[in-house]
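Undergrad: Hey, dropping structure_20.txt in here, compact mmCIF, C-alpha atoms:
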# COMPACT_ATOMS: atom_id res chain seq x y z
CA MET B 11 21.28 -0.13 -7.05
CA ASP B 12 23.24 2.71 -5.32
CA LYS B 13 20.00 4.46 -4.45
CA ILE B 14 18.60 1.26 -2.93
CA LYS B 15 21.76 0.86 -0.88
CA ARG B 16 21.59 4.52 0.19
CA LYS B 17 17.97 4.25 1.39
CA ARG B 18 18.66 1.06 3.29
CA ASP B 19 21.78 2.63 4.81
CA ARG B 20 19.66 5.42 6.19
CA LEU B 21 17.60 2.98 8.23
CA GLU B 22 20.81 1.25 9.26
CA MET B 23 22.37 4.57 10.34
CA ILE B 24 19.34 5.38 12.45
CA PHE B 25 19.67 1.95 14.04
CA ASP B 26 23.37 2.52 14.74
CA ILE B 27 22.78 5.91 16.35
CA LEU B 28 19.95 4.61 18.52
CA ASN B 29 22.07 1.61 19.48
CA ILE B 30 24.91 3.87 20.57
CA ILE B 31 22.53 5.79 22.81
CA ARG B 32 21.15 2.56 24.28
CA ASN B 33 24.63 1.19 24.90
CA ASN B 34 25.54 4.36 26.78
CA GLN B 35 22.90 3.64 29.40
CA ASN B 36 20.36 5.55 27.37
CA SER B 37 21.94 8.92 28.01
CA ILE B 38 24.67 10.56 25.95
CA LYS B 39 25.72 14.04 25.09
CA PRO B 40 25.62 15.09 21.43
CA THR B 41 29.40 15.44 21.02
CA PRO B 42 30.35 11.90 22.09
CA LEU B 43 27.45 10.61 20.00
CA LEU B 44 28.82 12.44 16.97
CA ARG B 45 32.24 10.91 17.58
CA GLN B 46 30.94 7.39 17.98
CA SER B 47 28.61 7.60 15.00
CA ASN B 48 31.47 8.27 12.53
CA LEU B 49 29.43 10.83 10.68
CA SER B 50 30.33 14.25 9.40
CA SER B 51 29.00 17.12 11.45
CA GLN B 52 26.46 18.04 8.76
CA SER B 53 25.18 14.49 8.35
CA PHE B 54 25.00 14.04 12.08
CA THR B 55 22.91 17.19 12.47
CA GLU B 56 20.56 15.95 9.74
CA TYR B 57 20.12 12.59 11.41
CA LEU B 58 19.72 14.17 14.83
CA ASN B 59 16.96 16.44 13.57
CA GLU B 60 15.28 13.52 11.86
CA LEU B 61 15.40 11.40 15.01
CA LEU B 62 13.98 14.23 17.11
CA GLU B 63 11.29 14.94 14.53
CA LYS B 64 10.29 11.28 14.37
CA ASP B 65 10.20 11.14 18.16
CA LEU B 66 12.74 8.34 18.31
CA ILE B 67 14.93 10.32 20.71
CA LYS B 68 14.47 13.27 22.99
CA GLU B 69 16.66 15.91 24.51
CA ILE B 70 16.81 16.34 28.24
CA THR B 71 18.60 19.01 30.20
CA ASP B 72 20.01 18.35 33.64
CA GLU B 73 20.27 20.78 36.57
CA ASN B 74 23.60 22.05 35.21
CA GLU B 75 21.98 22.95 31.88
CA ARG B 76 23.82 20.12 30.11
CA LYS B 77 21.96 18.50 27.22
CA PHE B 78 21.65 14.74 26.91
CA LEU B 79 20.02 12.58 24.31
CA THR B 80 17.88 9.60 25.29
CA LEU B 81 15.69 7.09 23.53
CA THR B 82 11.95 7.40 23.61
CA ASP B 83 9.70 4.33 23.83
CA LYS B 84 9.42 4.59 20.08
CA GLY B 85 13.20 4.56 19.78
CA PHE B 86 13.41 1.37 21.83
CA LYS B 87 10.73 -0.16 19.66
CA TYR B 88 12.69 0.74 16.51
CA LEU B 89 15.70 -1.13 17.86
CA ASP B 90 13.61 -4.17 18.78
CA LYS B 91 11.80 -4.29 15.47
CA TYR B 92 14.72 -3.36 13.23
CA LYS B 93 15.30 -6.83 11.80
CA LEU B 94 11.59 -7.25 11.08
CA ILE B 95 11.51 -3.83 9.41
CA LEU B 96 14.44 -4.68 7.18
CA GLY B 97 12.97 -8.09 6.40
CA PHE B 98 9.66 -6.53 5.38
CA ILE B 99 11.29 -3.94 3.14
CA GLU B 100 13.44 -6.59 1.48
CA GLU B 101 10.55 -9.04 1.10
CA PHE B 102 8.43 -6.52 -0.80
CA GLU B 103 11.37 -4.74 -2.44
CA LEU B 104 10.16 -1.37 -1.22
CA MET A 7 -43.58 -9.87 -1.88
CA PRO A 8 -40.44 -9.77 -4.02
CA PRO A 9 -39.36 -13.10 -5.48
CA TYR A 10 -36.13 -13.47 -3.51
CA HIS A 11 -35.29 -16.79 -5.16
CA LEU A 12 -34.66 -14.86 -8.37
CA ILE A 13 -31.78 -12.87 -6.88
CA GLU A 14 -29.30 -15.46 -8.16
CA PRO A 15 -28.33 -16.41 -4.60
CA ALA A 16 -25.25 -18.27 -5.75
CA ARG A 17 -23.90 -15.21 -7.52
CA LEU A 18 -24.76 -12.88 -4.65
CA LEU A 19 -23.22 -15.23 -2.10
CA VAL A 20 -20.04 -15.63 -4.13
CA GLU A 21 -19.72 -11.87 -4.65
CA LEU A 22 -20.41 -11.10 -0.99
CA SER A 23 -17.98 -13.74 0.28
CA TYR A 24 -15.32 -12.64 -2.17
CA THR A 25 -15.71 -9.00 -1.24
CA LEU A 26 -15.66 -9.66 2.49
CA ILE A 27 -12.52 -11.78 2.28
CA VAL A 28 -10.60 -9.43 0.01
CA VAL A 29 -11.65 -6.25 1.83
CA PHE A 30 -10.74 -7.85 5.16
CA LEU A 31 -7.29 -8.87 3.90
CA CYS A 32 -6.64 -5.47 2.31
CA PHE A 33 -7.55 -3.54 5.44
CA ARG A 34 -5.62 -5.98 7.62
CA ILE A 35 -2.52 -5.42 5.50
CA PHE A 36 -3.01 -1.66 5.86
CA TYR A 37 -3.41 -1.98 9.62
CA LYS A 38 -0.58 -4.47 10.18
CA THR A 39 1.95 -2.26 8.41
CA LYS A 40 1.07 0.82 10.46
CA GLU A 41 3.74 0.22 13.08
CA ILE A 42 6.53 -0.22 10.54
CA TYR A 43 5.52 3.01 8.85
CA ASP A 44 5.16 4.91 12.15
CA LEU A 45 8.66 3.83 13.18
CA THR A 46 10.44 4.53 9.90
CA LYS A 47 8.28 6.90 7.81
CA TYR A 48 9.77 4.95 4.91
CA GLU A 49 8.34 6.07 1.54
CA GLY A 50 8.08 2.60 0.06
CA VAL A 51 6.07 1.38 3.05
CA LYS A 52 3.78 4.39 2.80
CA TYR A 53 2.84 3.64 -0.82
CA PHE A 54 2.56 -0.06 -0.11
CA ARG A 55 0.00 0.67 2.63
CA ILE A 56 -1.91 3.17 0.53
CA THR A 57 -2.20 0.54 -2.21
CA PHE A 58 -4.13 -1.88 -0.03
CA LEU A 59 -6.25 0.81 1.61
CA PHE A 60 -7.41 1.96 -1.82
CA PHE A 61 -7.91 -1.56 -3.16
CA GLY A 62 -10.06 -2.38 -0.12
CA LEU A 63 -12.23 0.66 -0.79
CA ALA A 64 -12.37 -0.13 -4.52
CA PHE A 65 -13.57 -3.67 -3.82
CA LEU A 66 -16.28 -2.31 -1.50
CA PHE A 67 -17.62 0.00 -4.20
CA ARG A 68 -17.31 -2.75 -6.76
CA PHE A 69 -19.58 -4.93 -4.63
CA LEU A 70 -22.06 -2.08 -4.31
CA SER A 71 -22.20 -1.86 -8.11
CA VAL A 72 -22.69 -5.62 -8.43
CA PHE A 73 -25.41 -5.63 -5.78
CA VAL A 74 -27.29 -2.76 -7.39
CA MET A 75 -27.01 -4.47 -10.77
CA LEU A 76 -28.38 -7.75 -9.41
CA VAL A 77 -31.24 -6.11 -7.52
CA GLY A 78 -32.15 -3.97 -10.51
CA MET A 79 -32.20 -6.96 -12.84
CA THR A 80 -34.10 -9.20 -10.47
CA PHE A 81 -36.85 -6.81 -9.49
CA ASP A 82 -36.88 -4.91 -12.76
CA LEU A 83 -36.37 -1.72 -10.81
CA ASP A 84 -35.27 1.57 -12.20
CA ILE A 85 -32.52 2.07 -9.66
CA SER A 86 -31.67 5.71 -9.22
CA MET A 87 -29.00 6.35 -11.83
CA TYR A 88 -26.84 8.68 -9.88
CA LEU A 89 -26.98 7.53 -6.32
CA PHE A 90 -26.66 3.79 -6.75
CA ARG A 91 -25.07 3.36 -10.16
CA ILE A 92 -22.91 6.30 -11.07
CA PHE A 93 -21.30 7.06 -7.71
CA PRO A 94 -20.02 3.51 -7.09
CA LEU A 95 -18.61 3.64 -10.62
CA VAL A 96 -16.83 6.94 -9.97
CA PHE A 97 -15.47 5.96 -6.55
CA ASN A 98 -14.48 2.53 -7.85
CA GLY A 99 -12.55 4.17 -10.68
CA TYR A 100 -10.84 6.63 -8.35
CA PHE A 101 -9.83 4.19 -5.61
CA SER A 102 -8.66 1.42 -7.94
CA THR A 103 -6.62 3.81 -10.08
CA MET A 104 -4.98 5.27 -6.97
CA ALA A 105 -4.23 1.71 -5.78
CA ILE A 106 -2.55 0.71 -9.04
CA LEU A 107 -0.54 3.93 -9.21
CA SER A 108 0.55 3.59 -5.56
CA LEU A 109 1.61 -0.01 -6.10
CA THR A 110 3.58 0.94 -9.20
CA TYR A 111 5.29 3.81 -7.43
CA SER A 112 6.17 1.66 -4.41
CA MET A 113 8.18 -0.52 -6.82
CA ILE A 114 9.98 2.25 -8.69
CA TRP A 115 10.36 5.18 -6.26
CA LYS A 116 13.93 4.25 -5.33
CA GLU A 117 15.01 4.62 -8.96
CA HIS A 118 12.63 7.35 -10.12
CA GLN A 119 11.38 9.89 -7.65
CA VAL A 120 8.39 11.91 -8.83
CA LYS A 121 7.80 15.25 -7.22
CA ASN A 122 4.34 15.61 -5.64
CA ILE A 123 3.48 12.06 -6.59
CA LEU A 124 0.27 12.08 -4.57
CA ILE A 125 -0.98 15.13 -6.44
CA VAL A 126 -0.07 13.54 -9.78
CA SER A 127 -1.74 10.25 -8.81
CA ASN A 128 -4.87 12.02 -7.62
CA ALA A 129 -5.03 14.02 -10.84
CA ILE A 130 -4.81 10.87 -12.98
CA ALA A 131 -7.36 9.05 -10.80
CA ILE A 132 -9.78 11.99 -10.90
CA ILE A 133 -9.48 12.24 -14.68
CA ILE A 134 -10.19 8.53 -15.10
CA SER A 135 -13.13 8.57 -12.69
CA GLY A 136 -14.36 11.76 -14.36
CA ILE A 137 -14.33 9.99 -17.70
CA ALA A 138 -16.23 7.13 -16.07
CA PHE A 139 -18.80 9.60 -14.73
CA PHE A 140 -19.49 11.16 -18.10
CA SER A 141 -19.38 7.90 -20.05
CA ARG A 142 -21.46 5.98 -17.44
CA SER A 143 -19.38 2.96 -18.37
CA TYR A 144 -16.83 0.63 -16.85
CA ILE A 145 -15.28 0.00 -20.26
CA LEU A 146 -13.17 3.16 -20.13
CA ILE A 147 -11.99 2.40 -16.59
CA ILE A 148 -11.01 -1.10 -17.76
CA GLY A 149 -9.14 0.39 -20.72
CA ALA A 150 -7.35 3.04 -18.65
CA GLN A 151 -6.32 0.57 -15.97
CA ALA A 152 -5.18 -1.97 -18.56
CA VAL A 153 -2.90 0.77 -19.91
CA LEU A 154 -1.63 1.42 -16.38
CA LEU A 155 -1.01 -2.30 -15.93
CA ILE A 156 1.00 -2.45 -19.15
CA PHE A 157 2.92 0.64 -18.03
CA THR A 158 3.60 -0.99 -14.65
CA ILE A 159 4.84 -4.19 -16.24
CA THR A 160 7.04 -2.28 -18.70
CA ILE A 161 8.67 -0.15 -16.01
CA ALA A 162 9.14 -3.07 -13.66
CA VAL A 163 10.59 -5.34 -16.36
CA TYR A 164 13.04 -2.59 -17.31
CA ILE A 165 14.14 -2.15 -13.70
CA TYR A 166 14.33 -5.87 -13.06
CA SER A 167 16.24 -6.44 -16.28
CA ILE A 168 19.01 -4.40 -14.70
CA SER A 169 19.01 -6.60 -11.62
CA LYS A 170 18.62 -9.69 -13.86
CA ARG A 171 15.75 -11.18 -11.90
CA ILE A 172 11.98 -11.17 -11.77
CA SER A 173 10.91 -11.43 -8.17
CA GLN A 174 8.03 -13.45 -6.83
CA THR A 175 6.61 -10.28 -5.29
CA PHE A 176 6.48 -8.53 -8.64
CA ILE A 177 4.60 -11.48 -10.12
CA LEU A 178 2.09 -11.35 -7.26
CA TYR A 179 1.52 -7.64 -7.83
CA VAL A 180 0.92 -8.10 -11.55
CA LEU A 181 -1.49 -10.96 -10.93
CA PHE A 182 -3.37 -8.92 -8.35
CA ILE A 183 -3.81 -5.99 -10.70
CA LEU A 184 -4.73 -8.32 -13.55
CA PHE A 185 -7.43 -10.04 -11.51
CA TRP A 186 -8.77 -6.67 -10.42
CA ILE A 187 -9.20 -5.71 -14.08
CA VAL A 188 -10.87 -9.05 -14.80
CA ASN A 189 -13.26 -8.29 -11.92
CA LEU A 190 -14.24 -5.08 -13.65
CA PHE A 191 -15.40 -7.05 -16.69
CA THR A 192 -18.22 -8.47 -14.60
CA LEU A 193 -19.60 -4.97 -14.30
CA GLY A 194 -19.61 -4.28 -18.01
CA PRO A 195 -22.96 -4.39 -19.80
CA GLN A 196 -22.17 -7.44 -21.90
CA ARG A 197 -20.71 -9.44 -19.00
CA PHE A 198 -17.79 -10.83 -20.95
CA VAL A 199 -16.77 -13.28 -18.30
CA PRO A 200 -19.07 -16.26 -17.54
CA PHE A 201 -19.92 -16.70 -13.87
CA VAL A 202 -17.94 -19.93 -13.46
CA ILE A 203 -14.79 -18.44 -14.99
CA GLN A 204 -15.23 -15.33 -12.91
CA THR A 205 -15.50 -17.44 -9.74
CA ILE A 206 -12.28 -19.26 -10.62
CA PHE A 207 -10.52 -15.93 -11.11
CA GLN A 208 -11.86 -14.72 -7.79
CA ILE A 209 -10.59 -17.81 -5.98
CA ILE A 210 -7.15 -17.35 -7.51
CA SER A 211 -7.11 -13.64 -6.63
CA ILE A 212 -8.02 -14.51 -3.03
CA ALA A 213 -5.04 -16.87 -3.05
CA VAL A 214 -2.80 -14.10 -4.41
CA ILE A 215 -3.79 -11.55 -1.80
CA GLY A 216 -3.70 -14.32 0.82
CA ILE A 217 -0.05 -14.96 -0.05
CA ILE A 218 0.69 -11.23 0.20
CA TYR A 219 -1.07 -11.13 3.57
CA LEU A 220 0.95 -14.08 4.87
CA LYS A 221 4.17 -12.44 3.74
CA VAL A 222 3.15 -9.23 5.55
CA SER A 223 2.23 -11.19 8.68
CA LYS A 224 5.64 -12.85 8.74
CA TRP A 225 7.31 -9.46 9.29
CA THR A 226 4.70 -7.64 11.36
CA LYS A 227 4.44 -9.68 14.53
Could you show the structure in this file as structure tokens?

TA:
Amino acid sequence: MDKIKRKRDRLEMIFDILNIIRNNQNSIKPTPLLRQSNLSSQSFTEYLNELLEKDLIKEITDENERKFLTLTDKGFKYLDKYKLILGFIEEFEL
Amino acid sequence: MPPYHLIEPARLLVELSYTLIVVFLCFRIFYKTKEIYDLTKYEGVKYFRITFLFFGLAFLFRFLSVFVMLVGMTFDLDISMYLFRIFPLVFNGYFSTMAILSLTYSMIWKEHQVKNILIVSNAIAIIISGIAFFSRSYILIIGAQAVLLIFTITIAVYIYSISKRISQTFILYVLFILFWIVNLFTLGPQRFVPFVIQTIFQIISIAVIGIIYLKVSKWTK
């Protein structure tokens, strides 16, 4: 049961991180995102890499060379469809 | 002119309708779950999708075998052994074994992760279809997949005994695999299952996959 909870939590964590970005007008620097996500630095880096790899977020650099994280269209879609995704996984016990 | 009225039109129509409906539903399930998988890359969803892709392909090759059998019997033709009889058998064995293994793994992967599961599944499926190729018989495929079904039920009952419940979804999966195996009996040389009984099983299996499809549709708007 712990493994099931852990896998579901991963999807939930991704949702939380994306939601934080959305709630910050879709633009946030990595450090405040780390703080708001309540994750350890290592876990945060793992999630960040995963989100970038899955094209749910992207990094943009402004004219002052500061990095920001924003949602991609796919990231917005993840947020919109999250409840359906969870429902599907629970329905079929995947 | 070939005597078309001897092609057992009822049987051909039933088989064609059954195949079209089931293949359509299987591929629709595969297609409808694409977005969820693209968004999450969730392992369980991946194997769930693969299951229905492979079952769809297996049903297609099953129909090809049935069609060749009917045509050969009706026109007393010596249908080319390899092209029209052996290859559907081999592909049928491969795709259906992959489908059963994928479905089983989608249920147990959270508890028991298997390294390189796709390679392992492919190896098992190739061995079974290889045996089918050399034996030229569906009997061994039926036997091997019956063993897989028993294995699936055993594993799932063990896991569900821990959670103290048997889910409706698990029952649907078992029924679906069971009806697939029953379908294979119609391709055996002795034709164990009378046509009427077979038709009843096919109607019930359409209902089973229909229920699965409706459940998928509920969450994939």

Undergrad: Near chain A, which residues of chain B fall within 8 Å when you count all atoms listed in the file, and what do they look like as a ChimeraX atom specification?

TA: /B:13-14,17,21,64,66,84,87-88,94-95,97-99,101-104

Undergrad: Between A:Ala129, A:Ala105, A:Ala138, A:Ala162, which has the minimum distance to Thr57 in chain A (counting only C-alpha atoms)?

TA: A:Ala105

Undergrad: Between CA of Ala64 in chain A and CA of Ser102 in chain A, what distance in Å does the model show, to one decimal?

TA: 5.3 Å

Undergrad: Using only C-alpha atoms, can you tell me which of B:Ile70, B:Leu89, B:Leu62, B:Leu79 comes closest to Leu44 in chain B?

TA: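 Smallest distance to Leu44 in chain B is found for B:Leu79.
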
Undergrad: Give me the residues near range 26-35 of chain B as a PyMOL selection string, where near means some atom within 10 Å (using all atoms listed in the file) and where sequence neighbours in that chain fewer than 4 positions away do not count.

TA: chain B and resi 20-22+39-40+42-44+46-48+54+57-58+61+66-67+78-82+85-86+88-89

Undergrad: Can you tell me how far CA of Tyr100 in chain A sits from CA of Gln151 in chain A, in Å to one decimal?

TA: 10.7 Å

Undergrad: With a distance cut-off of 9 Å and only C-alpha atoms, select the neighbouring residues of Arg142 in chain A, excluding the residue or stretch itself and same-chain residues fewer than 4 positions from it, and output the selection as a PDB file with C-alpha atoms, in the coordinates of the input.

TA:
ATOM      1  CA  ARG A  91     -25.070   3.360 -10.160  1.00  0.00           C
ATOM      2  CA  ILE A  92     -22.910   6.300 -11.070  1.00  0.00           C
ATOM      3  CA  LEU A  95     -18.610   3.640 -10.620  1.00  0.00           C
ATOM      4  CA  VAL A  96     -16.830   6.940  -9.970  1.00  0.00           C
ATOM      5  CA  ILE A 137     -14.330   9.990 -17.700  1.00  0.00           C
ATOM      6  CA  ALA A 138     -16.230   7.130 -16.070  1.00  0.00           C
TER       7      ALA A 138
END

Undergrad: Just the number, please: distance in Å from CA of Ser23 in chain A to CA of Gly149 in chain A, one decimal.

TA: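 We find that CA of Ser23 in chain A and CA of Gly149 in chain A lie 26.8 Å from each other.
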
Undergrad: Looking at A:Phe93, A:Tyr166, A:Phe139, A:Phe65, which one is nearest to Phe185 in chain A, with distances taken over all atoms listed in the file?

TA: A:Phe65

Undergrad: List every protein, DNA or RNA residue that has at least one atom no more than 9 Å from (-8.1, -5.2, -14.4) in the file's coordinates, counting all atoms listed in the file, and write the result as a PyMOL selection string.

TA: chain A and resi 147-149+151-152+155+182-191

Undergrad: May I ask which of the residues A:Val153, A:Phe97, A:Leu26, A:Arg68 is the closest one to Ala131 in chain A, counting all atoms listed in the file?

TA: A:Phe97
